[in-house]
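Student: File final20.cif below, mmCIF, N, CA and C atoms:
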data_work
loop_
_atom_site.label_atom_id
_atom_site.label_comp_id
_atom_site.auth_asym_id
_atom_site.auth_seq_id
_atom_site.Cartn_x
_atom_site.Cartn_y
_atom_site.Cartn_z
N MET A 1 0.83 -1.18 0.00
CA MET A 1 0.00 0.00 0.00
C MET A 1 0.88 1.24 0.00
N LYS A 2 0.39 2.24 -0.70
CA LYS A 2 1.12 3.48 -0.82
C LYS A 2 0.19 4.62 -0.45
N ASP A 3 0.68 5.54 0.33
CA ASP A 3 -0.11 6.72 0.66
C ASP A 3 0.37 7.89 -0.18
N LYS A 4 -0.56 8.63 -0.72
CA LYS A 4 -0.24 9.84 -1.48
C LYS A 4 -0.99 10.97 -0.81
N GLN A 5 -0.37 12.12 -0.78
CA GLN A 5 -1.06 13.27 -0.23
C GLN A 5 -0.75 14.52 -1.03
N TRP A 6 -1.72 15.39 -1.08
CA TRP A 6 -1.58 16.64 -1.79
C TRP A 6 -2.00 17.77 -0.87
N GLY A 7 -1.35 18.88 -1.01
CA GLY A 7 -1.70 20.00 -0.14
C GLY A 7 -1.21 21.33 -0.68
N ILE A 8 -1.42 22.35 0.11
CA ILE A 8 -1.00 23.70 -0.22
C ILE A 8 -0.21 24.24 0.96
N ASP A 9 0.97 24.79 0.67
CA ASP A 9 1.82 25.38 1.71
C ASP A 9 2.06 24.43 2.88
N GLY A 10 2.32 23.17 2.55
CA GLY A 10 2.63 22.20 3.60
C GLY A 10 1.43 21.66 4.36
N LYS A 11 0.25 22.19 4.09
CA LYS A 11 -0.95 21.70 4.78
C LYS A 11 -1.62 20.64 3.91
N VAL A 12 -1.80 19.44 4.46
CA VAL A 12 -2.39 18.33 3.71
C VAL A 12 -3.88 18.60 3.49
N ILE A 13 -4.27 18.57 2.22
CA ILE A 13 -5.67 18.77 1.85
C ILE A 13 -6.32 17.42 1.55
N VAL A 14 -5.62 16.59 0.80
CA VAL A 14 -6.15 15.29 0.38
C VAL A 14 -5.13 14.22 0.69
N LYS A 15 -5.59 13.13 1.28
CA LYS A 15 -4.73 11.98 1.55
C LYS A 15 -5.43 10.75 0.98
N VAL A 16 -4.73 10.01 0.16
CA VAL A 16 -5.31 8.85 -0.51
C VAL A 16 -4.44 7.64 -0.28
N ARG A 17 -5.06 6.53 0.01
CA ARG A 17 -4.34 5.26 0.12
C ARG A 17 -4.56 4.49 -1.17
N ILE A 18 -3.48 4.18 -1.86
CA ILE A 18 -3.55 3.47 -3.13
C ILE A 18 -3.28 2.00 -2.86
N LEU A 19 -4.25 1.17 -3.23
CA LEU A 19 -4.12 -0.27 -3.03
C LEU A 19 -3.54 -0.91 -4.29
N PRO A 20 -2.74 -1.94 -4.12
CA PRO A 20 -2.25 -2.65 -5.31
C PRO A 20 -3.42 -3.33 -6.01
N LYS A 21 -3.33 -3.48 -7.32
CA LYS A 21 -4.42 -4.06 -8.09
C LYS A 21 -4.85 -5.42 -7.57
N GLU A 22 -3.89 -6.25 -7.21
CA GLU A 22 -4.26 -7.59 -6.75
C GLU A 22 -4.97 -7.56 -5.40
N GLY A 23 -4.87 -6.48 -4.68
CA GLY A 23 -5.52 -6.36 -3.38
C GLY A 23 -6.93 -5.82 -3.45
N VAL A 24 -7.34 -5.36 -4.62
CA VAL A 24 -8.66 -4.78 -4.76
C VAL A 24 -9.66 -5.89 -5.06
N LYS A 25 -10.69 -5.96 -4.25
CA LYS A 25 -11.73 -6.97 -4.46
C LYS A 25 -12.96 -6.26 -5.01
N LEU A 26 -13.32 -6.62 -6.22
CA LEU A 26 -14.49 -6.03 -6.85
C LEU A 26 -15.70 -6.93 -6.65
N LYS A 27 -16.86 -6.32 -6.54
CA LYS A 27 -18.09 -7.09 -6.47
C LYS A 27 -18.35 -7.69 -7.85
N PRO A 28 -19.01 -8.84 -7.87
CA PRO A 28 -19.36 -9.39 -9.19
C PRO A 28 -20.32 -8.44 -9.90
N LYS A 29 -20.28 -8.48 -11.21
CA LYS A 29 -21.14 -7.61 -12.02
C LYS A 29 -22.61 -7.96 -11.73
N ILE A 30 -23.38 -6.95 -11.39
CA ILE A 30 -24.80 -7.14 -11.10
C ILE A 30 -25.58 -6.46 -12.22
N THR A 31 -26.41 -7.23 -12.91
CA THR A 31 -27.21 -6.64 -13.98
C THR A 31 -28.70 -6.85 -13.72
N ILE A 32 -29.48 -5.94 -14.22
CA ILE A 32 -30.93 -6.06 -14.11
C ILE A 32 -31.38 -7.33 -14.83
N ALA A 33 -30.79 -7.59 -15.99
CA ALA A 33 -31.17 -8.77 -16.77
C ALA A 33 -30.98 -10.06 -15.99
N ASP A 34 -29.88 -10.16 -15.24
CA ASP A 34 -29.63 -11.37 -14.45
C ASP A 34 -30.74 -11.62 -13.44
N HIS A 35 -31.21 -10.57 -12.81
CA HIS A 35 -32.19 -10.72 -11.73
C HIS A 35 -33.63 -10.82 -12.21
N PHE A 36 -33.89 -10.37 -13.41
CA PHE A 36 -35.26 -10.44 -13.93
C PHE A 36 -35.41 -11.50 -15.02
N ALA A 37 -34.39 -12.33 -15.21
CA ALA A 37 -34.43 -13.36 -16.25
C ALA A 37 -35.57 -14.35 -16.03
N GLN A 38 -35.89 -14.66 -14.78
CA GLN A 38 -36.94 -15.62 -14.50
C GLN A 38 -38.34 -14.99 -14.46
N MET A 39 -38.41 -13.70 -14.69
CA MET A 39 -39.71 -13.00 -14.68
C MET A 39 -40.55 -13.49 -15.85
N SER A 40 -41.76 -13.94 -15.58
CA SER A 40 -42.61 -14.43 -16.67
C SER A 40 -43.22 -13.26 -17.43
N ASP A 41 -43.29 -13.42 -18.74
CA ASP A 41 -43.82 -12.38 -19.61
C ASP A 41 -45.30 -12.70 -19.88
N PRO A 42 -46.21 -11.89 -19.37
CA PRO A 42 -47.64 -12.18 -19.51
C PRO A 42 -48.24 -11.79 -20.86
N ARG A 43 -47.45 -11.19 -21.73
CA ARG A 43 -47.99 -10.68 -22.99
C ARG A 43 -48.23 -11.80 -24.00
N ILE A 44 -49.15 -11.54 -24.92
CA ILE A 44 -49.43 -12.47 -26.01
C ILE A 44 -48.28 -12.35 -27.01
N ASP A 45 -47.76 -13.50 -27.46
CA ASP A 45 -46.59 -13.50 -28.34
C ASP A 45 -46.74 -12.60 -29.56
N ARG A 46 -47.89 -12.64 -30.20
CA ARG A 46 -48.05 -11.88 -31.45
C ARG A 46 -48.07 -10.36 -31.22
N THR A 47 -48.24 -9.94 -29.97
CA THR A 47 -48.28 -8.50 -29.70
C THR A 47 -46.96 -7.96 -29.15
N LYS A 48 -45.97 -8.82 -29.00
CA LYS A 48 -44.69 -8.39 -28.42
C LYS A 48 -43.84 -7.70 -29.48
N ARG A 49 -43.61 -6.41 -29.30
CA ARG A 49 -42.70 -5.68 -30.18
C ARG A 49 -41.36 -5.43 -29.50
N HIS A 50 -41.37 -5.49 -28.17
CA HIS A 50 -40.18 -5.18 -27.39
C HIS A 50 -39.93 -6.28 -26.38
N LYS A 51 -38.65 -6.52 -26.10
CA LYS A 51 -38.30 -7.54 -25.12
C LYS A 51 -38.69 -7.05 -23.72
N LEU A 52 -39.18 -7.99 -22.91
CA LEU A 52 -39.59 -7.64 -21.55
C LEU A 52 -38.43 -7.04 -20.77
N ILE A 53 -37.24 -7.63 -20.89
CA ILE A 53 -36.10 -7.14 -20.12
C ILE A 53 -35.74 -5.71 -20.54
N ASP A 54 -35.94 -5.36 -21.81
CA ASP A 54 -35.68 -3.99 -22.26
C ASP A 54 -36.66 -3.02 -21.60
N ILE A 55 -37.93 -3.39 -21.56
CA ILE A 55 -38.96 -2.55 -20.94
C ILE A 55 -38.67 -2.37 -19.46
N LEU A 56 -38.36 -3.48 -18.77
CA LEU A 56 -38.07 -3.42 -17.34
C LEU A 56 -36.84 -2.56 -17.05
N THR A 57 -35.79 -2.76 -17.83
CA THR A 57 -34.54 -2.02 -17.61
C THR A 57 -34.73 -0.52 -17.82
N ILE A 58 -35.41 -0.15 -18.89
CA ILE A 58 -35.65 1.27 -19.15
C ILE A 58 -36.45 1.88 -18.00
N ALA A 59 -37.49 1.18 -17.57
CA ALA A 59 -38.34 1.70 -16.50
C ALA A 59 -37.57 1.83 -15.19
N ILE A 60 -36.79 0.82 -14.84
CA ILE A 60 -36.03 0.86 -13.58
C ILE A 60 -35.00 1.99 -13.62
N CYS A 61 -34.26 2.10 -14.72
CA CYS A 61 -33.28 3.19 -14.85
C CYS A 61 -33.96 4.55 -14.77
N ALA A 62 -35.09 4.68 -15.44
CA ALA A 62 -35.81 5.96 -15.44
C ALA A 62 -36.28 6.34 -14.04
N VAL A 63 -36.82 5.37 -13.31
CA VAL A 63 -37.30 5.66 -11.95
C VAL A 63 -36.14 6.02 -11.03
N ILE A 64 -35.01 5.32 -11.17
CA ILE A 64 -33.83 5.66 -10.38
C ILE A 64 -33.41 7.10 -10.65
N CYS A 65 -33.60 7.54 -11.89
CA CYS A 65 -33.22 8.91 -12.28
C CYS A 65 -34.32 9.93 -12.02
N GLY A 66 -35.40 9.51 -11.37
CA GLY A 66 -36.41 10.47 -10.95
C GLY A 66 -37.73 10.44 -11.70
N ALA A 67 -37.88 9.56 -12.69
CA ALA A 67 -39.15 9.49 -13.41
C ALA A 67 -40.25 9.03 -12.46
N ASP A 68 -41.40 9.70 -12.53
CA ASP A 68 -42.49 9.35 -11.62
C ASP A 68 -43.82 9.15 -12.35
N SER A 69 -43.76 8.92 -13.65
CA SER A 69 -44.96 8.64 -14.43
C SER A 69 -44.55 7.86 -15.68
N TRP A 70 -45.55 7.28 -16.34
CA TRP A 70 -45.25 6.54 -17.57
C TRP A 70 -44.73 7.49 -18.64
N VAL A 71 -45.25 8.69 -18.70
CA VAL A 71 -44.76 9.69 -19.67
C VAL A 71 -43.31 10.04 -19.37
N ALA A 72 -42.97 10.20 -18.09
CA ALA A 72 -41.58 10.51 -17.70
C ALA A 72 -40.65 9.35 -18.06
N ILE A 73 -41.13 8.11 -17.93
CA ILE A 73 -40.33 6.95 -18.32
C ILE A 73 -40.12 6.95 -19.82
N GLU A 74 -41.17 7.25 -20.58
CA GLU A 74 -41.06 7.36 -22.03
C GLU A 74 -40.05 8.44 -22.42
N THR A 75 -40.14 9.59 -21.79
CA THR A 75 -39.23 10.70 -22.08
C THR A 75 -37.79 10.30 -21.80
N TYR A 76 -37.57 9.64 -20.68
CA TYR A 76 -36.23 9.16 -20.32
C TYR A 76 -35.72 8.19 -21.39
N GLY A 77 -36.55 7.21 -21.76
CA GLY A 77 -36.13 6.22 -22.76
C GLY A 77 -35.74 6.85 -24.08
N CYS A 78 -36.54 7.80 -24.53
CA CYS A 78 -36.23 8.49 -25.80
C CYS A 78 -34.96 9.33 -25.67
N ALA A 79 -34.80 10.02 -24.55
CA ALA A 79 -33.62 10.88 -24.35
C ALA A 79 -32.34 10.08 -24.21
N LYS A 80 -32.42 8.89 -23.65
CA LYS A 80 -31.23 8.07 -23.39
C LYS A 80 -31.11 6.90 -24.35
N SER A 81 -31.80 6.95 -25.47
CA SER A 81 -31.84 5.80 -26.38
C SER A 81 -30.46 5.37 -26.87
N GLU A 82 -29.59 6.31 -27.19
CA GLU A 82 -28.25 5.94 -27.68
C GLU A 82 -27.48 5.18 -26.60
N TRP A 83 -27.55 5.63 -25.38
CA TRP A 83 -26.87 4.95 -24.27
C TRP A 83 -27.51 3.59 -24.02
N LEU A 84 -28.84 3.52 -24.00
CA LEU A 84 -29.54 2.26 -23.75
C LEU A 84 -29.19 1.21 -24.80
N LYS A 85 -28.98 1.65 -26.04
CA LYS A 85 -28.64 0.72 -27.13
C LYS A 85 -27.27 0.08 -26.93
N THR A 86 -26.45 0.63 -26.04
CA THR A 86 -25.13 0.04 -25.82
C THR A 86 -25.19 -1.23 -24.98
N PHE A 87 -26.30 -1.47 -24.28
CA PHE A 87 -26.39 -2.69 -23.48
C PHE A 87 -27.74 -3.40 -23.56
N LEU A 88 -28.71 -2.83 -24.25
CA LEU A 88 -29.99 -3.50 -24.46
C LEU A 88 -30.11 -3.87 -25.93
N GLU A 89 -30.86 -4.93 -26.23
CA GLU A 89 -31.01 -5.34 -27.63
C GLU A 89 -31.91 -4.37 -28.40
N LEU A 90 -33.03 -3.98 -27.82
CA LEU A 90 -33.97 -3.05 -28.45
C LEU A 90 -34.21 -3.37 -29.93
N PRO A 91 -34.72 -4.58 -30.23
CA PRO A 91 -34.89 -4.98 -31.63
C PRO A 91 -35.77 -4.03 -32.45
N ASN A 92 -36.72 -3.38 -31.81
CA ASN A 92 -37.56 -2.39 -32.50
C ASN A 92 -37.31 -0.99 -31.98
N GLY A 93 -36.16 -0.79 -31.37
CA GLY A 93 -35.81 0.52 -30.84
C GLY A 93 -36.73 0.92 -29.70
N ILE A 94 -36.68 2.17 -29.38
CA ILE A 94 -37.60 2.74 -28.39
C ILE A 94 -38.61 3.51 -29.22
N PRO A 95 -39.85 3.04 -29.27
CA PRO A 95 -40.82 3.70 -30.15
C PRO A 95 -40.96 5.18 -29.80
N SER A 96 -40.99 5.97 -30.82
CA SER A 96 -41.16 7.41 -30.63
C SER A 96 -42.64 7.74 -30.77
N PRO A 97 -43.15 8.59 -29.90
CA PRO A 97 -44.56 8.95 -30.03
C PRO A 97 -44.85 9.75 -31.30
N ASP A 98 -43.82 10.35 -31.88
CA ASP A 98 -44.02 11.15 -33.09
C ASP A 98 -44.30 10.23 -34.28
N GLY A 99 -45.49 10.30 -34.81
CA GLY A 99 -45.83 9.52 -35.99
C GLY A 99 -46.11 8.06 -35.68
N ASP A 100 -46.19 7.69 -34.43
CA ASP A 100 -46.44 6.30 -34.07
C ASP A 100 -47.72 6.24 -33.25
N ALA A 101 -48.67 5.42 -33.71
CA ALA A 101 -49.95 5.32 -33.01
C ALA A 101 -49.79 4.67 -31.65
N THR A 102 -48.78 3.83 -31.50
CA THR A 102 -48.55 3.17 -30.22
C THR A 102 -47.58 4.01 -29.41
N ARG A 103 -48.08 4.66 -28.40
CA ARG A 103 -47.23 5.52 -27.57
C ARG A 103 -46.46 4.66 -26.59
N THR A 104 -45.19 4.97 -26.41
CA THR A 104 -44.32 4.20 -25.54
C THR A 104 -44.85 4.14 -24.12
N HIS A 105 -45.31 5.27 -23.57
CA HIS A 105 -45.76 5.24 -22.18
C HIS A 105 -46.96 4.31 -22.01
N ASP A 106 -47.78 4.16 -23.06
CA ASP A 106 -48.88 3.21 -23.00
C ASP A 106 -48.35 1.79 -22.95
N THR A 107 -47.27 1.53 -23.69
CA THR A 107 -46.64 0.20 -23.66
C THR A 107 -46.13 -0.11 -22.27
N PHE A 108 -45.42 0.82 -21.66
CA PHE A 108 -44.92 0.60 -20.30
C PHE A 108 -46.08 0.33 -19.34
N ALA A 109 -47.12 1.14 -19.41
CA ALA A 109 -48.27 0.99 -18.51
C ALA A 109 -48.94 -0.37 -18.71
N ARG A 110 -49.15 -0.78 -19.96
CA ARG A 110 -49.80 -2.07 -20.23
C ARG A 110 -48.97 -3.23 -19.71
N VAL A 111 -47.66 -3.19 -19.96
CA VAL A 111 -46.80 -4.30 -19.53
C VAL A 111 -46.77 -4.38 -18.01
N PHE A 112 -46.54 -3.27 -17.34
CA PHE A 112 -46.46 -3.30 -15.88
C PHE A 112 -47.79 -3.68 -15.24
N ALA A 113 -48.91 -3.34 -15.88
CA ALA A 113 -50.22 -3.71 -15.35
C ALA A 113 -50.43 -5.22 -15.39
N GLN A 114 -49.75 -5.90 -16.31
CA GLN A 114 -49.91 -7.35 -16.46
C GLN A 114 -48.91 -8.16 -15.64
N LEU A 115 -47.86 -7.54 -15.16
CA LEU A 115 -46.82 -8.28 -14.42
C LEU A 115 -47.35 -8.79 -13.09
N ASN A 116 -46.78 -9.91 -12.66
CA ASN A 116 -47.08 -10.45 -11.34
C ASN A 116 -46.31 -9.60 -10.32
N PRO A 117 -47.01 -8.84 -9.47
CA PRO A 117 -46.32 -7.93 -8.56
C PRO A 117 -45.41 -8.64 -7.54
N GLN A 118 -45.81 -9.82 -7.08
CA GLN A 118 -44.97 -10.55 -6.13
C GLN A 118 -43.68 -11.02 -6.80
N GLN A 119 -43.80 -11.46 -8.05
CA GLN A 119 -42.61 -11.91 -8.78
C GLN A 119 -41.68 -10.72 -9.04
N PHE A 120 -42.24 -9.58 -9.43
CA PHE A 120 -41.43 -8.39 -9.66
C PHE A 120 -40.73 -7.97 -8.37
N GLN A 121 -41.47 -7.95 -7.26
CA GLN A 121 -40.89 -7.55 -5.98
C GLN A 121 -39.76 -8.49 -5.58
N SER A 122 -39.94 -9.78 -5.80
CA SER A 122 -38.90 -10.75 -5.45
C SER A 122 -37.62 -10.50 -6.26
N CYS A 123 -37.76 -10.32 -7.57
CA CYS A 123 -36.60 -10.07 -8.43
C CYS A 123 -35.92 -8.75 -8.04
N PHE A 124 -36.71 -7.72 -7.84
CA PHE A 124 -36.17 -6.40 -7.52
C PHE A 124 -35.48 -6.39 -6.16
N SER A 125 -36.10 -7.02 -5.17
CA SER A 125 -35.52 -7.07 -3.82
C SER A 125 -34.19 -7.82 -3.82
N GLU A 126 -34.13 -8.92 -4.55
CA GLU A 126 -32.89 -9.70 -4.63
C GLU A 126 -31.78 -8.86 -5.26
N MET A 127 -32.11 -8.12 -6.31
CA MET A 127 -31.12 -7.27 -6.97
C MET A 127 -30.63 -6.18 -6.02
N LEU A 128 -31.55 -5.51 -5.34
CA LEU A 128 -31.15 -4.45 -4.40
C LEU A 128 -30.32 -5.00 -3.25
N TYR A 129 -30.66 -6.18 -2.77
CA TYR A 129 -29.90 -6.80 -1.69
C TYR A 129 -28.43 -6.98 -2.10
N LEU A 130 -28.21 -7.45 -3.33
CA LEU A 130 -26.84 -7.66 -3.80
C LEU A 130 -26.11 -6.34 -4.02
N PHE A 131 -26.82 -5.30 -4.40
CA PHE A 131 -26.19 -3.98 -4.53
C PHE A 131 -25.66 -3.49 -3.19
N CYS A 132 -26.36 -3.86 -2.13
CA CYS A 132 -26.02 -3.35 -0.79
C CYS A 132 -24.95 -4.16 -0.07
N LEU A 133 -24.58 -5.31 -0.60
CA LEU A 133 -23.55 -6.13 0.07
C LEU A 133 -22.20 -5.47 0.06
#
Just give me the structure of the file as structure tokens.

Tutor:
Amino acid sequence: MKDKQWGIDGKVIVKVRILPKEGVKLKPKITIADHFAQMSDPRIDRTKRHKLIDILTIAICAVICGADSWVAIETYGCAKSEWLKTFLELPNGIPSPDGDATRTHDTFARVFAQLNPQQFQSCFSEMLYLFCL
């Protein structure tokens, strides 16, 4: 271990302990997809345009960032679409309400209304528990 310190006029302002790489223990990667993989999809196959895990991930990220309505979740998804595409499949993208009869916030509302709340709570609680370890 190495200590580094920075200061002004001999007075220490910041002191940092640098650990060797082999001494750093990282938590295993925790993903929303891992914890919601067993979530059953209640939708009819022929009506599925978007993957359930994509819908869940967008909604969870949006709520963490302060979204408090389906419209706010839709707005978040559209605003962050480029970033979301870096780790979600989004086979049909994030539908834009402009020129599209199917509004995204209606999709989120319909899907969440059909989910088993106990199953969602179980998956979500397990994920949060691992974040806190």

Student: Where does the PyMOL selection byres ((chain A and resi 108) around 8) land in this file, that is, which residues does it pick, as a PyMOL selection string?

Tutor: chain A and resi 55-56+59+70+73-74+103-107+109-114

Student: Translate the PyMOL selection byres ((chain A and resi 36) around 8), as applied to the file shown, into an explicit residue set as number ranges by chain.

Tutor: A: 31-35, 37-40, 52-53, 120, 123-124, 127

Student: Check the smallest atom-to-atom distance from each of A:Ala72, A:Val63, A:Leu133, A:Leu115 to A:Pro42 using only N, CA and C atoms, then report the winner.

Tutor: A:Leu115

Student: Provide the atom CA of A:Gly77 to atom N of A:Gly93 distance in Å, to one decimal place.

Tutor: 11.1 Å

Student: Work out how far atom CA of A:Lys48 is from atom CA of A:Ala79, in Å to one decimal.

Tutor: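 Between atom CA of A:Ala79 and atom CA of A:Lys48 the gap is 22.6 Å.
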